[in-house]
$ cat upload12.cif   # mmCIF, C-alpha atoms
data_final
loop_
_atom_site.label_atom_id
_atom_site.label_comp_id
_atom_site.auth_asym_id
_atom_site.auth_seq_id
_atom_site.Cartn_x
_atom_site.Cartn_y
_atom_site.Cartn_z
CA MET A 1 29.42 -47.53 129.46
CA LEU A 2 28.36 -45.97 132.73
CA SER A 3 27.93 -47.45 136.22
CA PRO A 4 25.24 -50.11 136.48
CA LEU A 5 21.80 -49.58 137.96
CA ILE A 6 20.97 -52.58 140.17
CA LEU A 7 17.33 -53.65 140.50
CA SER A 8 15.84 -56.42 142.61
CA LEU A 9 13.63 -58.89 140.72
CA PRO A 10 11.93 -60.95 143.45
CA ASP A 11 9.61 -62.72 141.00
CA GLU A 12 8.57 -63.03 137.35
CA THR A 13 5.97 -60.29 137.72
CA VAL A 14 8.68 -57.74 138.48
CA THR A 15 10.83 -59.12 135.66
CA ARG A 16 7.91 -58.56 133.29
CA ARG A 17 7.41 -55.01 134.65
CA LEU A 18 11.07 -54.29 133.90
CA GLY A 19 10.55 -55.48 130.31
CA GLN A 20 7.49 -53.24 129.97
CA ALA A 21 9.29 -50.24 131.47
CA LEU A 22 12.22 -50.65 129.09
CA ALA A 23 9.87 -51.01 126.12
CA ALA A 24 8.28 -47.66 127.01
CA ARG A 25 11.75 -46.06 126.93
CA SER A 26 12.98 -47.69 123.72
CA ARG A 27 13.41 -46.02 120.35
CA PRO A 28 14.21 -47.30 116.84
CA GLY A 29 17.93 -48.01 116.59
CA ASP A 30 18.17 -49.19 120.21
CA VAL A 31 20.01 -52.35 121.15
CA ILE A 32 19.41 -54.14 124.43
CA ALA A 33 21.95 -56.86 125.19
CA LEU A 34 20.46 -59.50 127.51
CA TYR A 35 23.10 -61.39 129.49
CA GLY A 36 22.53 -64.28 131.87
CA GLY A 37 22.71 -68.03 132.03
CA LEU A 38 20.10 -70.53 130.95
CA GLY A 39 16.89 -69.91 132.88
CA ALA A 40 17.93 -66.47 134.08
CA GLY A 41 14.75 -64.80 132.78
CA LYS A 42 15.98 -63.28 129.51
CA THR A 43 13.09 -64.65 127.45
CA THR A 44 10.54 -63.69 130.12
CA LEU A 45 11.81 -60.11 130.02
CA ALA A 46 11.95 -60.06 126.21
CA ARG A 47 8.41 -61.47 125.94
CA ALA A 48 7.03 -58.70 128.21
CA PHE A 49 9.01 -56.08 126.28
CA ILE A 50 7.63 -57.25 122.92
CA ARG A 51 4.05 -57.55 124.18
CA ALA A 52 4.24 -54.02 125.59
CA LEU A 53 5.05 -52.72 122.09
CA THR A 54 2.75 -54.99 120.10
CA ASP A 55 -0.24 -56.70 121.72
CA PRO A 56 -0.64 -58.20 125.22
CA ASP A 57 -1.66 -61.49 123.60
CA GLU A 58 1.18 -61.56 121.04
CA GLU A 59 2.64 -65.04 120.57
CA VAL A 60 6.32 -64.64 121.51
CA PRO A 61 8.19 -67.93 121.20
CA SER A 62 11.83 -68.19 122.13
CA PRO A 63 13.91 -67.78 118.96
CA THR A 64 16.38 -70.46 120.11
CA PHE A 65 16.05 -72.48 116.90
CA THR A 66 15.15 -69.75 114.40
CA LEU A 67 17.79 -67.40 115.92
CA VAL A 68 15.57 -64.35 115.24
CA GLN A 69 11.91 -63.36 115.38
CA ILE A 70 10.66 -60.02 114.07
CA TYR A 71 7.56 -58.26 115.40
CA GLU A 72 5.77 -55.26 113.94
CA ALA A 73 5.11 -52.52 116.48
CA LYS A 74 3.84 -48.95 116.18
CA VAL A 75 7.41 -47.71 116.75
CA GLY A 76 8.77 -50.00 114.03
CA PRO A 77 10.15 -53.53 113.91
CA VAL A 78 11.28 -55.26 117.10
CA TRP A 79 13.96 -57.88 116.47
CA HIS A 80 14.40 -60.63 119.07
CA PHE A 81 17.65 -62.51 118.62
CA ASP A 82 18.74 -65.63 120.51
CA LEU A 83 22.35 -66.20 119.50
CA TYR A 84 23.05 -69.18 121.74
CA ARG A 85 23.58 -71.43 118.71
CA LEU A 86 25.58 -68.88 116.71
CA THR A 87 28.99 -70.36 115.92
CA HIS A 88 30.76 -67.27 114.55
CA PRO A 89 29.96 -63.54 114.91
CA ASP A 90 29.89 -63.04 111.12
CA ASP A 91 27.01 -65.53 110.90
CA ALA A 92 24.80 -62.79 112.40
CA ILE A 93 25.13 -60.81 109.17
CA GLU A 94 23.01 -63.50 107.46
CA LEU A 95 20.29 -62.72 110.03
CA ASP A 96 20.13 -59.11 108.71
CA ILE A 97 21.38 -57.83 112.04
CA ASP A 98 22.62 -54.65 110.33
CA ASP A 99 19.03 -53.84 109.33
CA ALA A 100 17.88 -54.48 112.89
CA PHE A 101 20.50 -52.10 114.27
CA ALA A 102 19.66 -49.43 111.70
CA ASP A 103 15.91 -49.07 112.02
CA GLY A 104 14.57 -51.54 114.56
CA ILE A 105 14.71 -52.16 118.26
CA SER A 106 16.94 -55.15 118.96
CA LEU A 107 16.74 -57.49 121.94
CA ILE A 108 19.73 -59.81 121.89
CA GLU A 109 20.01 -62.90 124.07
CA TRP A 110 23.59 -64.22 124.28
CA PRO A 111 25.06 -60.97 122.88
CA GLU A 112 28.61 -62.04 123.71
CA ARG A 113 28.39 -64.28 120.62
CA LEU A 114 28.51 -61.12 118.45
CA GLY A 115 32.02 -60.14 119.51
CA THR A 116 32.98 -56.82 117.92
CA LEU A 117 29.71 -56.67 115.95
CA LEU A 118 27.86 -55.70 119.15
CA PRO A 119 27.26 -51.92 118.99
CA THR A 120 28.70 -49.73 121.75
CA ARG A 121 25.50 -47.65 121.76
CA ARG A 122 23.41 -50.10 123.76
CA LEU A 123 21.93 -51.05 127.10
CA ASP A 124 23.57 -54.04 128.75
CA LEU A 125 21.16 -55.92 131.00
CA ARG A 126 22.55 -58.76 133.08
CA LEU A 127 20.15 -61.06 134.93
CA GLU A 128 21.65 -63.06 137.76
CA GLU A 129 20.72 -65.02 140.87
CA ALA A 130 20.41 -63.03 144.10
CA ASP A 131 19.63 -63.63 147.77
CA PRO A 132 17.35 -65.09 148.93
CA PRO A 133 17.62 -68.14 146.64
CA GLY A 134 15.06 -68.12 143.86
CA THR A 135 15.22 -64.37 143.37
CA ARG A 136 17.14 -62.42 140.77
CA ARG A 137 18.58 -59.03 140.22
CA ALA A 138 19.14 -57.00 137.09
CA LEU A 139 22.26 -54.96 136.44
CA LEU A 140 21.55 -52.33 133.78
CA THR A 141 24.68 -50.74 132.33
CA PRO A 142 23.72 -47.96 129.92
CA SER A 143 25.59 -46.23 127.17
CA PRO A 144 25.20 -42.43 127.42
CA VAL A 145 22.13 -42.45 125.14
CA TRP A 146 20.35 -44.78 127.59
CA ALA A 147 21.49 -43.15 130.85
CA SER A 148 18.96 -40.33 130.82
CA ARG A 149 16.11 -42.71 129.95
CA LEU A 150 16.79 -44.89 132.99
CA GLY A 151 16.85 -41.98 135.44
CA ASP A 152 13.26 -42.40 136.66
CA LEU A 153 13.01 -46.19 136.36
CA ILE A 154 10.91 -47.59 139.19
CA LEU A 155 9.38 -51.06 139.23
#
$ encode --input "upload12.cif" --output "structure tokens"
Amino acid sequence: MLSPLILSLPDETVTRRLGQALAARSRPGDVIALYGGLGAGKTTLARAFIRALTDPDEEVPSPTFTLVQIYEAKVGPVWHFDLYRLTHPDDAIELDIDDAFADGISLIEWPERLGTLLPTRRLDLRLEEADPPGTRRALLTPSPVWASRLGDLIL
């Protein structure tokens, strides 16, 4: 992984723009690992990402209880995982995560729950609190395949 790109996210509108910008740069086989605590904005970003690839009015519920939601997009399936309730990394195999990694675009909330199953060819995106209070920042740490795609990222 390369050095992180740090972006200011002063409000939800900018968080959504980041999701849209990443969607425009995504390709089948991509994995985006979304790190951050409860309420950090992971689902907000994922919702904007998915709507950018499907339909602006797409219903995008949080997959907290189902663990995964799959959306059909022109570029192929978009898999949205929320692994907060995953008890063991191997349980992700039952969610067909291998299929997602092979031919879909995968957004993974709580990716640390995957342990060694998390691919190295990915974009790590950490959302965290920033100053002033109530604002956030995003730290994007790309694998080499993602580095060139982030070069012109402006929100």
$ closest_residue --input "upload12.cif" --among "A:Thr135, A:Ser106, A:Thr120, A:Thr87" --to "Ile32 (chain A)" --atoms "only C-alpha atoms"
A:Ser106
$ atom_distance --input "upload12.cif" --atom1 "CA of Val14 (chain A)" --atom2 "CA of Pro56 (chain A)"
16.2 Å
$ closest_residue --input "upload12.cif" --among "A:Glu72, A:Tyr35, A:Ile50, A:Leu125" --to "Tyr84 (chain A)" --atoms "all atoms listed in the file"
A:Tyr35
$ closest_atom_pairs --input "upload12.cif" --of "region 4-53 of chain A" --to "region 144-151 of chain A" --cutoff "10 Å" --atoms "only C-alpha atoms" --output "JSON lines"
{"residue": "A:Pro4", "atom": "CA", "partner": "A:Ala147", "partner_atom": "CA", "distance": 9.7}
{"residue": "A:Leu5", "atom": "CA", "partner": "A:Leu150", "partner_atom": "CA", "distance": 8.5}
{"residue": "A:Ala21", "atom": "CA", "partner": "A:Leu150", "partner_atom": "CA", "distance": 9.3}
{"residue": "A:Leu22", "atom": "CA", "partner": "A:Leu150", "partner_atom": "CA", "distance": 8.3}
{"residue": "A:Ala24", "atom": "CA", "partner": "A:Arg149", "partner_atom": "CA", "distance": 9.7}
{"residue": "A:Arg25", "atom": "CA", "partner": "A:Arg149", "partner_atom": "CA", "distance": 6.3}
{"residue": "A:Ser26", "atom": "CA", "partner": "A:Arg149", "partner_atom": "CA", "distance": 8.6}
{"residue": "A:Asp30", "atom": "CA", "partner": "A:Trp146", "partner_atom": "CA", "distance": 8.9}
{"residue": "A:Val31", "atom": "CA", "partner": "A:Trp146", "partner_atom": "CA", "distance": 9.9}
{"residue": "A:Ile32", "atom": "CA", "partner": "A:Trp146", "partner_atom": "CA", "distance": 9.9}
$ residues_around --input "upload12.cif" --residues "Pro10 (chain A)" --least-positions-apart "2" --cutoff "12 Å" --atoms "all atoms listed in the file" --output "compact mmCIF listing (two decimals) with C-alpha atoms, in the frame of the given file"
# COMPACT_ATOMS: atom_id res chain seq x y z
CA LEU A 7 17.33 -53.65 140.50
CA SER A 8 15.84 -56.42 142.61
CA GLU A 12 8.57 -63.03 137.35
CA THR A 13 5.97 -60.29 137.72
CA VAL A 14 8.68 -57.74 138.48
CA THR A 15 10.83 -59.12 135.66
CA ARG A 16 7.91 -58.56 133.29
CA ARG A 17 7.41 -55.01 134.65
CA LEU A 18 11.07 -54.29 133.90
CA GLY A 41 14.75 -64.80 132.78
CA LEU A 127 20.15 -61.06 134.93
CA GLU A 128 21.65 -63.06 137.76
CA GLU A 129 20.72 -65.02 140.87
CA ALA A 130 20.41 -63.03 144.10
CA ASP A 131 19.63 -63.63 147.77
CA PRO A 132 17.35 -65.09 148.93
CA PRO A 133 17.62 -68.14 146.64
CA GLY A 134 15.06 -68.12 143.86
CA THR A 135 15.22 -64.37 143.37
CA ARG A 136 17.14 -62.42 140.77
CA ARG A 137 18.58 -59.03 140.22
CA ALA A 138 19.14 -57.00 137.09
CA LEU A 155 9.38 -51.06 139.23
$ atom_distance --input "upload12.cif" --atom1 "CA of Leu107 (chain A)" --atom2 "CA of Asp152 (chain A)"
21.4 Å
$ resolve_selection --input "upload12.cif" --expression "the PyMOL selection byres ((chain A and resi 109) around 12)" --output "PyMOL selection string"
chain A and resi 31-47+62-64+67-69+79-86+106-108+110-114+118+124-127
$ resolve_selection --input "upload12.cif" --expression "the PyMOL selection byres ((chain A and resi 78) around 6)" --output "list of chain:residue names"
A:Ile70, A:Tyr71, A:Pro77, A:Trp79, A:Gly104, A:Ile105, A:Ser106
$ resolve_selection --input "upload12.cif" --expression "the PyMOL selection byres ((chain A and resi 117) around 9)" --output "list in words"
Pro89, Asp90, Ala92, Leu114, Gly115, Thr116, Leu118 and Pro119 of chain A
$ atom_distance --input "upload12.cif" --atom1 "CA of Pro28 (chain A)" --atom2 "CA of Ser143 (chain A)"
15.4 Å
$ residues_around --input "upload12.cif" --residues "Leu53 (chain A)" --least-positions-apart "4" --cutoff "8 Å" --atoms "only C-alpha atoms" --output "JSON, numbers by chain"
{"A": [23, 24, 49, 73, 74, 75]}
